[in-house]
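Structure file start37.csv with CSV, C-alpha atoms and all ligand atoms:
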chain,number,residue,atom,x,y,z
T,213,MET,CA,-10.6,26.9,-0.8
T,214,GLY,CA,-11.4,28.8,2.5
T,215,GLU,CA,-14.4,30.5,0.8
T,216,THR,CA,-16.3,27.3,0.3
T,217,VAL,CA,-19.6,27.0,2.2
T,218,ILE,CA,-19.2,23.2,2.8
T,219,PRO,CA,-18.1,22.6,6.4
T,220,LEU,CA,-14.9,20.6,6.7
T,221,ALA,CA,-16.4,18.3,9.3
T,222,ASP,CA,-18.9,17.1,6.7
T,223,LEU,CA,-16.1,16.2,4.3
T,224,ARG,CA,-13.7,14.2,6.5
T,225,TYR,CA,-15.8,11.2,7.1
T,226,ALA,CA,-18.6,11.9,4.7
T,227,GLY,CA,-18.3,8.5,3.0
T,228,SER,CA,-20.6,9.6,0.2
T,229,VAL,CA,-20.4,11.5,-3.1
T,230,PRO,CA,-17.9,14.3,-2.6
T,231,PRO,CA,-19.4,17.8,-3.1
T,232,ILE,CA,-18.2,20.0,-6.0
T,233,PRO,CA,-17.0,23.4,-4.6
T,234,PRO,CA,-19.0,26.3,-5.9
T,235,GLN,CA,-15.8,28.0,-7.3
T,236,PRO,CA,-13.4,25.8,-9.4
T,237,ILE,CA,-10.1,25.0,-7.7
T,238,VAL,CA,-7.4,25.0,-10.4
T,239,PRO,CA,-4.7,22.3,-9.7
T,240,SER,CA,-1.4,23.9,-8.8
T,241,GLY,CA,0.4,20.8,-7.9
T,242,LEU,CA,0.8,22.2,-4.4
T,243,LEU,CA,-2.1,20.8,-2.4
T,244,SER,CA,-1.7,20.8,1.4
T,245,ASP,CA,-3.9,19.1,4.0
T,246,ARG,CA,-4.9,20.5,7.4
T,247,LEU,CA,-1.6,19.2,8.8
T,248,GLY,CA,0.4,20.8,6.0
T,249,ARG,CA,1.1,17.5,4.2
T,250,PRO,CA,1.3,17.5,0.4
T,251,LEU,CA,-0.3,14.9,-1.9
T,252,ARG,CA,2.4,12.9,-3.7
T,253,ASP,CA,1.6,9.2,-3.8
T,254,LEU,CA,-1.5,7.4,-5.1
T,255,ARG,CA,-2.2,3.8,-4.4
T,256,ILE,CA,-4.8,2.2,-6.6
T,257,SER,CA,-6.4,-1.1,-5.8
T,258,VAL,CA,-7.3,-2.8,-9.1
T,259,THR,CA,-9.1,-5.8,-7.6
T,260,ASP,CA,-10.4,-7.0,-4.3
T,261,ARG,CA,-9.7,-10.6,-5.2
T,262,CYS,CA,-6.7,-12.6,-4.2
T,263,ASN,CA,-5.4,-16.2,-4.8
T,264,PHE,CA,-3.8,-16.2,-1.3
T,265,ARG,CA,-5.5,-16.2,2.1
T,266,CYS,CA,-2.8,-14.7,4.3
T,267,SER,CA,-4.4,-14.8,7.8
T,268,TYR,CA,-3.3,-11.3,8.6
T,269,CYS,CA,-5.1,-9.9,5.6
T,270,MET,CA,-7.9,-12.2,4.2
T,271,PRO,CA,-8.4,-15.0,6.7
T,272,LYS,CA,-10.1,-18.0,5.2
T,273,SER,CA,-12.8,-18.1,7.8
T,274,VAL,CA,-14.1,-14.8,6.5
T,275,PHE,CA,-13.1,-14.8,2.9
T,276,ASP,CA,-14.5,-18.2,2.0
T,277,ARG,CA,-16.6,-19.5,-0.9
T,278,SER,CA,-19.6,-17.6,0.3
T,279,TYR,CA,-17.9,-14.2,0.4
T,280,SER,CA,-19.2,-11.7,-2.2
T,281,PHE,CA,-16.4,-10.0,-4.0
T,282,LEU,CA,-17.2,-6.9,-6.1
T,283,PRO,CA,-19.0,-7.6,-9.4
T,284,HIS,CA,-17.0,-6.6,-12.5
T,285,ALA,CA,-19.3,-3.7,-13.3
T,286,SER,CA,-18.5,-2.0,-9.9
T,287,LEU,CA,-14.8,-1.9,-10.7
T,288,LEU,CA,-13.3,1.3,-12.1
T,289,THR,CA,-12.4,0.7,-15.8
T,290,PHE,CA,-8.9,1.3,-17.0
T,291,GLU,CA,-10.1,4.5,-18.7
T,292,GLU,CA,-11.7,5.7,-15.4
T,293,ILE,CA,-8.5,4.9,-13.5
T,294,THR,CA,-6.4,6.7,-16.0
T,295,ARG,CA,-8.6,9.8,-16.1
T,296,LEU,CA,-8.5,10.0,-12.3
T,297,ALA,CA,-4.7,9.4,-12.3
T,298,ARG,CA,-4.3,12.4,-14.6
T,299,LEU,CA,-6.2,14.6,-12.2
T,300,PHE,CA,-4.2,13.4,-9.2
T,301,ILE,CA,-1.0,14.1,-11.1
T,302,ALA,CA,-2.2,17.7,-11.8
T,303,HIS,CA,-2.5,18.0,-8.0
T,304,GLY,CA,1.2,16.9,-7.5
T,305,VAL,CA,1.1,13.1,-7.4
T,306,GLY,CA,4.4,11.8,-8.8
T,307,LYS,CA,4.1,8.1,-7.9
T,308,ILE,CA,1.4,5.6,-8.6
T,309,ARG,CA,1.4,2.1,-7.0
T,310,LEU,CA,-0.9,-0.6,-8.3
T,311,THR,CA,-2.1,-3.0,-5.6
T,312,GLY,CA,-5.1,-4.9,-4.4
T,313,GLY,CA,-6.0,-7.8,-3.6
T,314,GLU,CA,-3.6,-9.4,-6.0
T,315,PRO,CA,-3.1,-6.9,-8.8
T,316,LEU,CA,-1.8,-9.5,-11.3
T,317,LEU,CA,-5.2,-11.2,-11.2
T,318,ARG,CA,-6.8,-8.2,-12.9
T,319,LYS,CA,-7.2,-9.1,-16.5
T,320,GLY,CA,-5.1,-7.0,-18.8
T,321,ILE,CA,-3.2,-5.3,-16.0
T,322,GLU,CA,-0.4,-4.6,-18.4
T,323,ASP,CA,-2.8,-2.6,-20.6
T,324,LEU,CA,-3.5,-0.3,-17.6
T,325,VAL,CA,0.2,0.0,-16.9
T,326,ALA,CA,0.7,1.1,-20.6
T,327,MET,CA,-2.1,3.7,-20.3
T,328,LEU,CA,-0.6,5.1,-17.1
T,329,ALA,CA,2.9,5.1,-18.6
T,330,GLU,CA,1.7,7.6,-21.2
T,331,LEU,CA,0.8,10.2,-18.6
T,332,PRO,CA,3.5,12.8,-18.0
T,333,GLY,CA,4.4,13.3,-14.3
T,334,PRO,CA,4.0,16.5,-12.4
T,335,ASP,CA,5.9,19.4,-14.0
T,336,GLY,CA,6.7,17.2,-17.0
T,337,ARG,CA,8.9,14.9,-14.8
T,338,PRO,CA,8.5,11.2,-15.4
T,339,LEU,CA,5.7,9.5,-13.5
T,340,GLU,CA,6.9,6.7,-11.2
T,341,ILE,CA,4.8,3.5,-11.7
T,342,THR,CA,5.2,0.6,-9.4
T,343,LEU,CA,3.2,-2.5,-8.2
T,344,THR,CA,2.9,-4.6,-5.1
T,345,THR,CA,2.3,-8.3,-5.7
T,346,ASN,CA,2.4,-11.6,-3.9
T,347,GLY,CA,4.6,-12.8,-6.7
T,348,SER,CA,2.6,-15.8,-7.6
T,349,LEU,CA,2.0,-14.8,-11.2
T,350,LEU,CA,5.1,-12.7,-11.6
T,351,ALA,CA,7.2,-15.3,-13.4
T,352,ARG,CA,4.6,-15.2,-16.2
T,353,LYS,CA,4.0,-11.5,-16.3
T,354,ALA,CA,7.2,-9.7,-15.4
T,355,ALA,CA,8.4,-9.2,-19.0
T,356,ALA,CA,5.1,-7.9,-20.3
T,357,LEU,CA,4.8,-5.5,-17.3
T,358,LYS,CA,8.2,-4.1,-18.0
T,359,ALA,CA,7.5,-3.7,-21.7
T,360,ALA,CA,4.2,-1.9,-20.8
T,361,GLY,CA,6.2,0.7,-18.8
T,362,LEU,CA,6.2,-0.6,-15.2
T,363,GLN,CA,9.4,0.5,-13.5
T,364,ARG,CA,9.7,-1.5,-10.3
T,365,VAL,CA,7.9,-4.1,-8.2
T,366,THR,CA,7.6,-4.9,-4.5
T,367,VAL,CA,7.1,-8.5,-3.8
T,368,SER,CA,5.5,-9.7,-0.5
T,369,LEU,CA,7.3,-12.8,0.9
T,370,ASP,CA,6.9,-13.7,4.6
T,371,ALA,CA,9.2,-16.7,4.8
T,372,LEU,CA,11.7,-18.8,3.0
T,373,ASP,CA,10.8,-22.0,4.8
T,374,ASP,CA,8.3,-23.7,2.4
T,375,ARG,CA,6.2,-25.1,5.2
T,376,VAL,CA,5.9,-21.8,7.0
T,377,PHE,CA,5.2,-20.0,3.7
T,378,ARG,CA,2.5,-22.4,2.6
T,379,SER,CA,0.8,-22.1,5.9
T,380,MET,CA,1.0,-18.3,5.9
T,381,ASN,CA,-0.6,-18.0,2.5
T,382,ASP,CA,-3.1,-20.7,3.5
T,383,MET,CA,-3.4,-21.9,-0.1
T,384,ASP,CA,-0.5,-24.3,0.1
T,385,PHE,CA,1.3,-22.1,-2.5
T,386,PRO,CA,5.1,-23.0,-2.7
T,387,VAL,CA,7.8,-20.5,-1.9
T,388,ALA,CA,9.8,-21.6,-5.0
T,389,ASP,CA,7.3,-20.1,-7.3
T,390,VAL,CA,7.5,-16.7,-5.6
T,391,ILE,CA,11.3,-16.8,-5.7
T,392,ALA,CA,11.0,-17.6,-9.5
T,393,GLY,CA,8.8,-14.5,-9.8
T,394,ILE,CA,11.4,-12.4,-8.1
T,395,ASP,CA,14.1,-13.8,-10.4
T,396,ALA,CA,11.9,-13.1,-13.5
T,397,ALA,CA,11.3,-9.5,-12.3
T,398,ARG,CA,15.1,-9.1,-11.9
T,399,ALA,CA,15.8,-10.5,-15.3
T,400,ALA,CA,13.1,-8.2,-16.8
T,401,GLY,CA,14.8,-5.1,-15.2
T,402,LEU,CA,12.0,-4.2,-12.8
T,403,ALA,CA,14.6,-2.9,-10.4
T,404,PRO,CA,15.3,-2.0,-7.7
T,405,ILE,CA,13.1,-4.8,-6.3
T,406,LYS,CA,11.8,-4.6,-2.8
T,407,VAL,CA,10.6,-7.6,-0.8
T,408,ASN,CA,8.1,-7.0,2.0
T,409,MET,CA,8.0,-9.3,5.0
T,410,VAL,CA,5.2,-8.9,7.6
T,411,VAL,CA,6.6,-10.2,10.8
T,412,GLN,CA,4.3,-11.9,13.3
T,413,ARG,CA,5.6,-13.2,16.6
T,414,GLY,CA,5.6,-16.9,16.9
T,415,VAL,CA,4.6,-17.3,13.2
T,416,ASN,CA,7.5,-16.2,11.1
T,417,ASP,CA,9.9,-14.2,13.4
T,418,HIS,CA,12.4,-17.1,13.3
T,419,GLU,CA,12.7,-16.3,9.5
T,420,ILE,CA,14.0,-12.8,10.0
T,421,VAL,CA,17.7,-13.7,9.9
T,422,PRO,CA,17.4,-16.4,7.1
T,423,MET,CA,15.5,-13.9,5.0
T,424,ALA,CA,18.2,-11.3,5.5
T,425,GLN,CA,20.9,-13.8,4.7
T,426,HIS,CA,19.1,-14.8,1.5
T,427,PHE,CA,18.7,-11.2,0.2
T,428,ARG,CA,22.0,-9.7,1.4
T,429,GLY,CA,24.3,-8.9,-1.5
T,430,THR,CA,21.6,-9.4,-4.2
T,431,GLY,CA,20.6,-5.7,-4.6
T,432,ILE,CA,17.1,-6.6,-3.4
T,433,VAL,CA,15.9,-4.5,-0.5
T,434,LEU,CA,14.2,-6.6,2.2
T,435,ARG,CA,11.8,-4.6,4.3
T,436,PHE,CA,10.4,-5.8,7.6
T,437,ILE,CA,6.8,-4.6,8.3
T,438,GLU,CA,5.3,-4.5,11.7
T,439,TYR,CA,2.0,-6.4,11.7
T,440,MET,CA,-0.8,-3.8,11.7
T,441,ASP,CA,-4.3,-3.6,13.1
T,442,VAL,CA,-5.7,-2.8,9.7
T,443,GLY,CA,-9.2,-3.9,8.8
T,444,ALA,CA,-11.6,-5.8,11.1
T,445,THR,CA,-11.1,-9.4,10.4
T,446,ASN,CA,-7.6,-10.5,11.4
T,447,GLY,CA,-8.0,-10.5,15.1
T,448,TRP,CA,-4.9,-8.4,15.6
T,449,ARG,CA,-3.3,-8.3,19.1
T,450,MET,CA,-0.3,-6.1,20.1
T,451,ASP,CA,1.6,-9.1,21.5
T,452,GLN,CA,1.7,-10.5,17.9
T,453,VAL,CA,3.7,-7.5,16.8
T,454,VAL,CA,7.5,-7.7,16.7
T,455,PRO,CA,8.7,-4.1,17.1
T,456,SER,CA,11.2,-3.0,14.5
T,457,ALA,CA,13.7,-2.3,17.2
T,458,GLN,CA,13.8,-6.0,18.0
T,459,VAL,CA,14.1,-6.9,14.4
T,460,LEU,CA,17.1,-4.6,14.1
T,461,GLN,CA,18.6,-6.1,17.2
T,462,ARG,CA,18.4,-9.6,15.9
T,463,LEU,CA,20.0,-8.5,12.6
T,464,GLN,CA,22.7,-6.5,14.4
T,465,ASN,CA,23.6,-9.5,16.5
T,466,ARG,CA,24.7,-11.1,13.2
T,467,TRP,CA,25.8,-8.2,11.0
T,468,PRO,CA,26.7,-4.6,11.9
T,469,LEU,CA,24.3,-2.1,10.3
T,470,GLU,CA,24.2,1.7,10.2
T,471,SER,CA,21.2,4.0,9.5
T,472,LEU,CA,20.8,5.9,6.2
T,473,GLU,CA,19.1,9.2,5.4
T,474,PRO,CA,15.7,8.9,3.8
T,475,VAL,CA,15.7,9.3,0.0
T,476,ALA,CA,12.4,11.1,-0.3
T,477,PRO,CA,10.1,12.9,2.2
T,478,GLY,CA,7.2,10.7,3.3
T,479,GLU,CA,9.1,7.5,2.9
T,480,THR,CA,7.5,4.7,5.0
T,481,ALA,CA,10.6,2.7,5.6
T,482,GLU,CA,13.6,3.6,7.8
T,483,ARG,CA,16.7,2.6,5.8
T,484,TRP,CA,19.7,0.7,7.2
T,485,ARG,CA,22.8,-0.5,5.4
T,486,TYR,CA,25.1,-3.5,6.1
T,487,MET,CA,28.5,-2.1,7.1
T,488,ASP,CA,30.1,-4.9,4.9
T,489,GLU,CA,28.6,-3.3,1.7
T,490,ALA,CA,26.0,-6.2,1.3
T,491,GLY,CA,23.2,-3.7,0.6
T,492,GLU,CA,20.4,-2.2,2.6
T,493,ILE,CA,17.2,-3.2,4.5
T,494,GLY,CA,14.1,-1.3,5.5
T,495,LEU,CA,12.1,-1.2,8.7
T,496,ILE,CA,8.4,-0.2,8.5
T,497,SER,CA,7.3,0.6,12.0
T,498,SER,CA,3.7,1.6,11.5
T,499,VAL,CA,2.8,0.5,15.0
T,500,THR,CA,5.7,1.5,17.2
T,501,LYS,CA,6.9,4.6,15.4
T,502,ALA,CA,4.1,6.1,13.4
T,503,PHE,CA,5.0,8.2,10.4
T,504,CYS,CA,1.7,10.1,9.9
T,505,ARG,CA,3.4,13.4,10.1
T,506,ASP,CA,4.8,12.9,6.6
T,507,CYS,CA,2.0,10.8,5.1
T,508,ASN,CA,1.5,12.1,1.6
T,509,ARG,CA,-0.5,9.1,0.3
T,510,ALA,CA,-4.1,8.7,-0.9
T,511,ARG,CA,-5.8,5.4,-1.7
T,512,LEU,CA,-8.3,4.6,-4.4
T,513,SER,CA,-10.3,1.5,-3.8
T,514,THR,CA,-11.3,-1.1,-6.4
T,515,GLU,CA,-14.7,0.6,-6.9
T,516,GLY,CA,-13.4,4.1,-7.0
T,517,LYS,CA,-13.7,5.3,-3.4
T,518,LEU,CA,-11.0,7.7,-2.2
T,519,PHE,CA,-9.5,6.9,1.2
T,520,MET,CA,-7.3,9.4,3.0
T,521,CYS,CA,-5.9,6.9,5.5
T,522,LEU,CA,-5.3,3.2,5.6
T,523,PHE,CA,-7.4,3.0,8.7
T,524,ALA,CA,-10.4,5.0,7.5
T,525,SER,CA,-13.9,3.6,7.7
T,526,ARG,CA,-15.4,5.4,4.8
T,527,GLY,CA,-14.3,6.7,1.4
T,528,HIS,CA,-15.4,9.3,-1.0
T,529,ASP,CA,-17.2,8.0,-4.0
T,530,LEU,CA,-15.2,9.3,-7.0
T,531,ARG,CA,-16.9,6.7,-9.3
T,532,ALA,CA,-20.2,8.5,-8.8
T,533,LEU,CA,-18.6,11.7,-10.0
T,534,LEU,CA,-17.0,9.9,-13.0
T,535,ARG,CA,-20.2,8.2,-14.0
T,536,GLY,CA,-22.3,11.2,-13.1
T,537,GLY,CA,-21.1,13.3,-16.1
T,538,HIS,CA,-18.9,15.7,-14.1
T,539,SER,CA,-16.1,17.5,-15.9
T,540,ASP,CA,-12.4,17.1,-15.2
T,541,ALA,CA,-12.4,20.6,-13.6
T,542,GLU,CA,-15.2,19.7,-11.3
T,543,ILE,CA,-13.6,16.4,-10.2
T,544,ALA,CA,-10.2,18.1,-9.7
T,545,SER,CA,-11.9,20.7,-7.6
T,546,ALA,CA,-13.6,18.0,-5.4
T,547,LEU,CA,-10.2,16.3,-5.0
T,548,ALA,CA,-8.6,19.5,-3.8
T,549,LEU,CA,-11.4,20.1,-1.3
T,550,LEU,CA,-11.1,16.6,0.1
T,551,TRP,CA,-7.4,16.7,0.5
T,552,GLY,CA,-7.6,20.2,2.0
T,553,ALA,CA,-10.0,18.8,4.7
T,554,ARG,CA,-7.8,15.8,5.5
T,555,ASP,CA,-6.4,15.5,9.1
T,556,ASP,CA,-6.0,11.7,9.4
T,557,ARG,CA,-3.2,10.4,11.7
T,558,TYR,CA,-4.6,7.2,12.9
T,559,SER,CA,-1.3,5.5,13.8
T,560,GLU,CA,0.0,8.5,15.7
T,561,LEU,CA,-3.2,8.6,17.8
T,562,ARG,CA,-3.1,4.9,18.4
T,563,GLY,CA,0.4,5.3,19.7
T,564,ALA,CA,-0.8,8.1,22.0
T,565,HIS,CA,-3.4,5.6,23.5
T,566,GLN,CA,-6.3,7.8,22.3
T,567,ALA,CA,-9.2,6.4,20.4
T,568,PRO,CA,-8.4,7.4,16.9
T,569,PRO,CA,-11.2,8.9,14.8
T,570,GLY,CA,-13.4,6.3,13.2
T,571,SER,CA,-11.9,3.6,15.5
T,572,GLY,CA,-15.4,2.7,16.7
T,573,GLU,CA,-16.5,2.0,13.2
T,574,ARG,CA,-15.7,-1.1,11.1
T,575,ARG,CA,-12.5,-0.2,9.3
T,576,VAL,CA,-12.0,-1.0,5.7
T,577,GLU,CA,-10.1,-4.1,4.7
T,578,MET,CA,-6.6,-3.9,3.2
T,579,HIS,CA,-7.3,-6.1,0.2
T,580,TYR,CA,-10.1,-3.6,-0.9
T,581,ILE,CA,-8.4,-0.3,-0.1
T,582,GLY,CA,-4.9,-1.5,-1.3
T,583,GLY,CA,-1.9,-1.9,0.9
A,1,LIG,N1,-1.5,-9.0,-2.8
A,1,LIG,C1,-0.4,-8.1,-2.9
A,1,LIG,C2,0.7,-8.4,-1.9
A,1,LIG,O1,0.4,-9.2,-1.0
A,1,LIG,O2,1.8,-7.9,-2.1
A,1,LIG,C3,-0.8,-6.6,-2.8
A,1,LIG,C4,-1.8,-6.2,-1.7
A,1,LIG,S1,-1.3,-6.5,0.0
A,1,LIG,C5,-2.7,-6.0,0.8
A,1,LIG,C6,-0.1,-5.2,0.2
A,1,LIG,C7,0.8,-5.4,1.4
A,1,LIG,O3,0.1,-5.3,2.6
A,1,LIG,C8,1.6,-6.7,1.4
A,1,LIG,O4,3.0,-6.5,1.5
A,1,LIG,C9,1.1,-7.3,2.7
A,1,LIG,O5,2.0,-8.1,3.3
A,1,LIG,C10,0.7,-6.1,3.5
A,1,LIG,N2,-0.2,-6.4,4.6
A,1,LIG,C11,-1.5,-6.9,4.5
A,1,LIG,N3,-2.1,-7.0,5.7
A,1,LIG,C12,-1.2,-6.5,6.6
A,1,LIG,C13,-1.2,-6.2,8.0
A,1,LIG,N4,-2.2,-6.6,8.7
A,1,LIG,N5,-0.1,-5.7,8.6
A,1,LIG,C14,0.9,-5.3,7.8
A,1,LIG,N6,1.0,-5.5,6.5
A,1,LIG,C15,0.0,-6.1,5.9
A,2,LIG,FE1,-3.6,-11.5,-0.8
A,2,LIG,FE2,-1.7,-9.7,-0.5
A,2,LIG,FE3,-3.7,-9.9,1.3
A,2,LIG,FE4,-1.9,-11.9,1.1
A,2,LIG,S1,-1.5,-9.7,1.7
A,2,LIG,S2,-4.1,-12.1,1.2
A,2,LIG,S3,-1.4,-11.9,-1.0
A,2,LIG,S4,-3.9,-9.3,-0.8
A,3,LIG,FE1,-1.0,7.8,6.7
A,3,LIG,FE2,-3.1,7.0,8.1
A,3,LIG,FE3,-1.0,5.4,8.0
A,3,LIG,FE4,-0.9,7.7,9.4
A,3,LIG,S1,-2.2,5.9,9.8
A,3,LIG,S2,0.7,7.0,8.0
A,3,LIG,S3,-2.2,9.0,8.1
A,3,LIG,S4,-2.2,6.0,6.2

In structure tokens, write the structure found in this file.
Amino acid sequence: MGETVIPLADLRYAGSVPPIPPQPIVPSGLLSDRLGRPLRDLRISVTDRCNFRCSYCMPKSVFDRSYSFLPHASLLTFEEITRLARLFIAHGVGKIRLTGGEPLLRKGIEDLVAMLAELPGPDGRPLEITLTTNGSLLARKAAALKAAGLQRVTVSLDALDDRVFRSMNDMDFPVADVIAGIDAARAAGLAPIKVNMVVQRGVNDHEIVPMAQHFRGTGIVLRFIEYMDVGATNGWRMDQVVPSAQVLQRLQNRWPLESLEPVAPGETAERWRYMDEAGEIGLISSVTKAFCRDCNRARLSTEGKLFMCLFASRGHDLRALLRGGHSDAEIASALALLWGARDDRYSELRGAHQAPPGSGERRVEMHYIGG
């Protein structure tokens, strides 16, 4: 890799068609970026559309009737996604998460799951396939997704109070239907189920304890996410963030908890268990306790751009390589070069009060890049 004539600086924020290195780079499953981080986790956004308008992600004022979502022809096809997934696996990816937008809105999503489920994982180990959803269509789709080979789901749910929930999704969608989706996922065996709650001060922080009460003892892991400054449309302010330490304090006032060791390196959530054996919770502290040092995730956007960081401004156009007639060996070599040039650590730099790279540019939106 060191012999390539392409300067690394040109690769990091190139935002265009990735160069093919002059010498092929044969995947060894052991890629390492400039900070020594391996590539293990691929998040794939399968649609930029959503039937919710959560104000922290797709505020209605921006994502209204006049907003142009991507035309179908721009989207990666299932065959293209599967081809890329195979190349990422050769480079060491063992976990694929389907996301969006709302991934269950993508027509035939279970067919994509079935195609991915046929791929062997790295070193012949089974590939982990999971999906993040707002849960609105899960009651209808859980059984088919499981049958296609999906292993688990993460469901986003920000409140149990119906009034608060309807207002947060801004589509007047009832909480009961998401709970029915979680029940269906459980009945289908899509376990262990995780529930993600984005906590916003003054909006839903009064729901922290009721949510914990509801999911304690069910085997479902509730994870509290700090509200992030992702994208450019949500008008994020630091005073809207409830630091995980405060979330933990509120829970500990009610139930004693103790911290647990991470299960896998690069895990985003800090794990805590209830001392009375009622299960565990997770704290995702992307703002107050950045975890860039272990970040082993790449993101593939709906139209096939590769982003090395959730906060990147530009991605690398893999669709152009796929549709430009390049061979698997060439595309795999380009991926190796891109990962080798990666040095992103946006959250860490934000914490250090420095202007993170690319922060002056318009950051990509979460529904497009995939959460
Ligand atoms: N629509 C699906 C859903 O909501 O689960 C998948 C895509 S969504 C972008 C993925 C995750 O990102 C969700 O759990 C959502 O709550 C989270 N998310 C979106 N915007 C966020 C923000 N500004 N800060 C923290 N989490 C956010
Ligand atoms: Fe849709 Fe998920 Fe974004 Fe909410 S968080 S608007 S459900 S993509
Ligand atoms: Fe990874 Fe970027 Fe998030 Fe840091 S800020 S953990 S590098 S995605």

Report task. Could you give me, as a VMD selection string, every polymer residue with an atom at most 6 Å away from an atom of ligand LIG 1 (chain A), counting all atoms listed in the file? Result -> chain T and resid 268 to 269 311 to 314 344 to 346 367 to 368 408 410 437 to 442 578 to 579 582 to 583

Store the residues picked out above in a file with C-alpha atoms, as a JSON list (two decimals), keeping the file's coordinate frame.
[["chain", "number", "residue", "atom", "x", "y", "z"],
["T", 268, "TYR", "CA", -3.30, -11.30, 8.60],
["T", 269, "CYS", "CA", -5.10, -9.90, 5.60],
["T", 311, "THR", "CA", -2.10, -3.00, -5.60],
["T", 312, "GLY", "CA", -5.10, -4.90, -4.40],
["T", 313, "GLY", "CA", -6.00, -7.80, -3.60],
["T", 314, "GLU", "CA", -3.60, -9.40, -6.00],
["T", 344, "THR", "CA", 2.90, -4.60, -5.10],
["T", 345, "THR", "CA", 2.30, -8.30, -5.70],
["T", 346, "ASN", "CA", 2.40, -11.60, -3.90],
["T", 367, "VAL", "CA", 7.10, -8.50, -3.80],
["T", 368, "SER", "CA", 5.50, -9.70, -0.50],
["T", 408, "ASN", "CA", 8.10, -7.00, 2.00],
["T", 410, "VAL", "CA", 5.20, -8.90, 7.60],
["T", 437, "ILE", "CA", 6.80, -4.60, 8.30],
["T", 438, "GLU", "CA", 5.30, -4.50, 11.70],
["T", 439, "TYR", "CA", 2.00, -6.40, 11.70],
["T", 440, "MET", "CA", -0.80, -3.80, 11.70],
["T", 441, "ASP", "CA", -4.30, -3.60, 13.10],
["T", 442, "VAL", "CA", -5.70, -2.80, 9.70],
["T", 578, "MET", "CA", -6.60, -3.90, 3.20],
["T", 579, "HIS", "CA", -7.30, -6.10, 0.20],
["T", 582, "GLY", "CA", -4.90, -1.50, -1.30],
["T", 583, "GLY", "CA", -1.90, -1.90, 0.90]]

Query raised in the report: Looking at only C-alpha atoms, which of T:Ala548, T:Asp417, T:Arg462, T:Thr445 is the one that sits closest to Ile301 in chain T?
Result: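 Smallest distance to Ile301 in chain T is found for T:Ala548.
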
Taking only residues of range 400-436 of chain T that have an atom at most 7 Å from an atom of range 371-388 of chain T, what is each one's shortest atom pair and its distance in Å to one decimal, using only C-alpha atoms, in chain and number order, as CSV?
residue,atom,partner,partner_atom,distance
T:Asn416,CA,T:Ala371,CA,6.5
T:Glu419,CA,T:Ala371,CA,5.9
T:Met423,CA,T:Leu372,CA,6.5

Query raised in the report: Could you name the residues that touch Ala392 in chain T at 12 Å or less, counting all atoms listed in the file, but leaving out those on the same chain fewer than 5 positions away, as a list of chain:residue names?
Result: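 Surrounding residues, per the criterion: T:Asn346, T:Gly347, T:Ser348, T:Leu349, T:Leu350, T:Ala351, T:Arg352, T:Lys353, T:Ala354, T:Val367, T:Pro386, T:Val387, T:Ala397, T:Arg398, T:Ala399.
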
For the selection just defined, write its residues with C-alpha atoms to a file, as a tab-separated table (two decimals), in the coordinates of the input.
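Listing of out-v7.tsv after writing:
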chain	number	residue	atom	x	y	z
T	346	ASN	CA	2.40	-11.60	-3.90
T	347	GLY	CA	4.60	-12.80	-6.70
T	348	SER	CA	2.60	-15.80	-7.60
T	349	LEU	CA	2.00	-14.80	-11.20
T	350	LEU	CA	5.10	-12.70	-11.60
T	351	ALA	CA	7.20	-15.30	-13.40
T	352	ARG	CA	4.60	-15.20	-16.20
T	353	LYS	CA	4.00	-11.50	-16.30
T	354	ALA	CA	7.20	-9.70	-15.40
T	367	VAL	CA	7.10	-8.50	-3.80
T	386	PRO	CA	5.10	-23.00	-2.70
T	387	VAL	CA	7.80	-20.50	-1.90
T	397	ALA	CA	11.30	-9.50	-12.30
T	398	ARG	CA	15.10	-9.10	-11.90
T	399	ALA	CA	15.80	-10.50	-15.30

Query raised in the report: Excluding same-chain residues fewer than 5 positions from Pro332 in chain T, what lies within 10 Å of it counting only C-alpha atoms, as a count of residues only?
Result: 8

Query raised in the report: Could you state the separation of CA of Phe300 in chain T and CA of Ile232 in chain T in Å, given to one decimal place?
Result: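 That distance, rounded to one decimal, is 15.8 Å.
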
Query raised in the report: In terms of the shortest atom-to-atom distance over all atoms listed in the file, which of T:Thr342, T:Ser240, T:Ser498, T:Thr366 is closest to ligand LIG 2 (chain A)?
Result: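 Answer, going by the shortest atom-to-atom distance: T:Thr366.
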
Report summary line: Using only C-alpha atoms, the residue out of T:Trp551, T:Phe264, T:Tyr558, T:Phe519 with shortest distance to Val576 in chain T is T:Phe519

Requested in this report: Name the closest residue to Ala553 in chain T among the candidates T:Glu515, T:Glu291, T:Glu492, T:Asp245; distances are taken between atoms, counting all atoms listed in the file.
Outcome: T:Asp245

Query - Exercise answer, 6 Å around ligand LIG 3 (chain A) with only C-alpha atoms and all ligand atoms, as a PyMOL selection string - result: chain T and resi 503-504+507+521-523+556-559

Query raised in the report: What does the distance from CA of Met327 in chain T to CA of Leu512 in chain T come to in Å, to one decimal?
Result: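 These atoms are spaced 17.1 Å apart.
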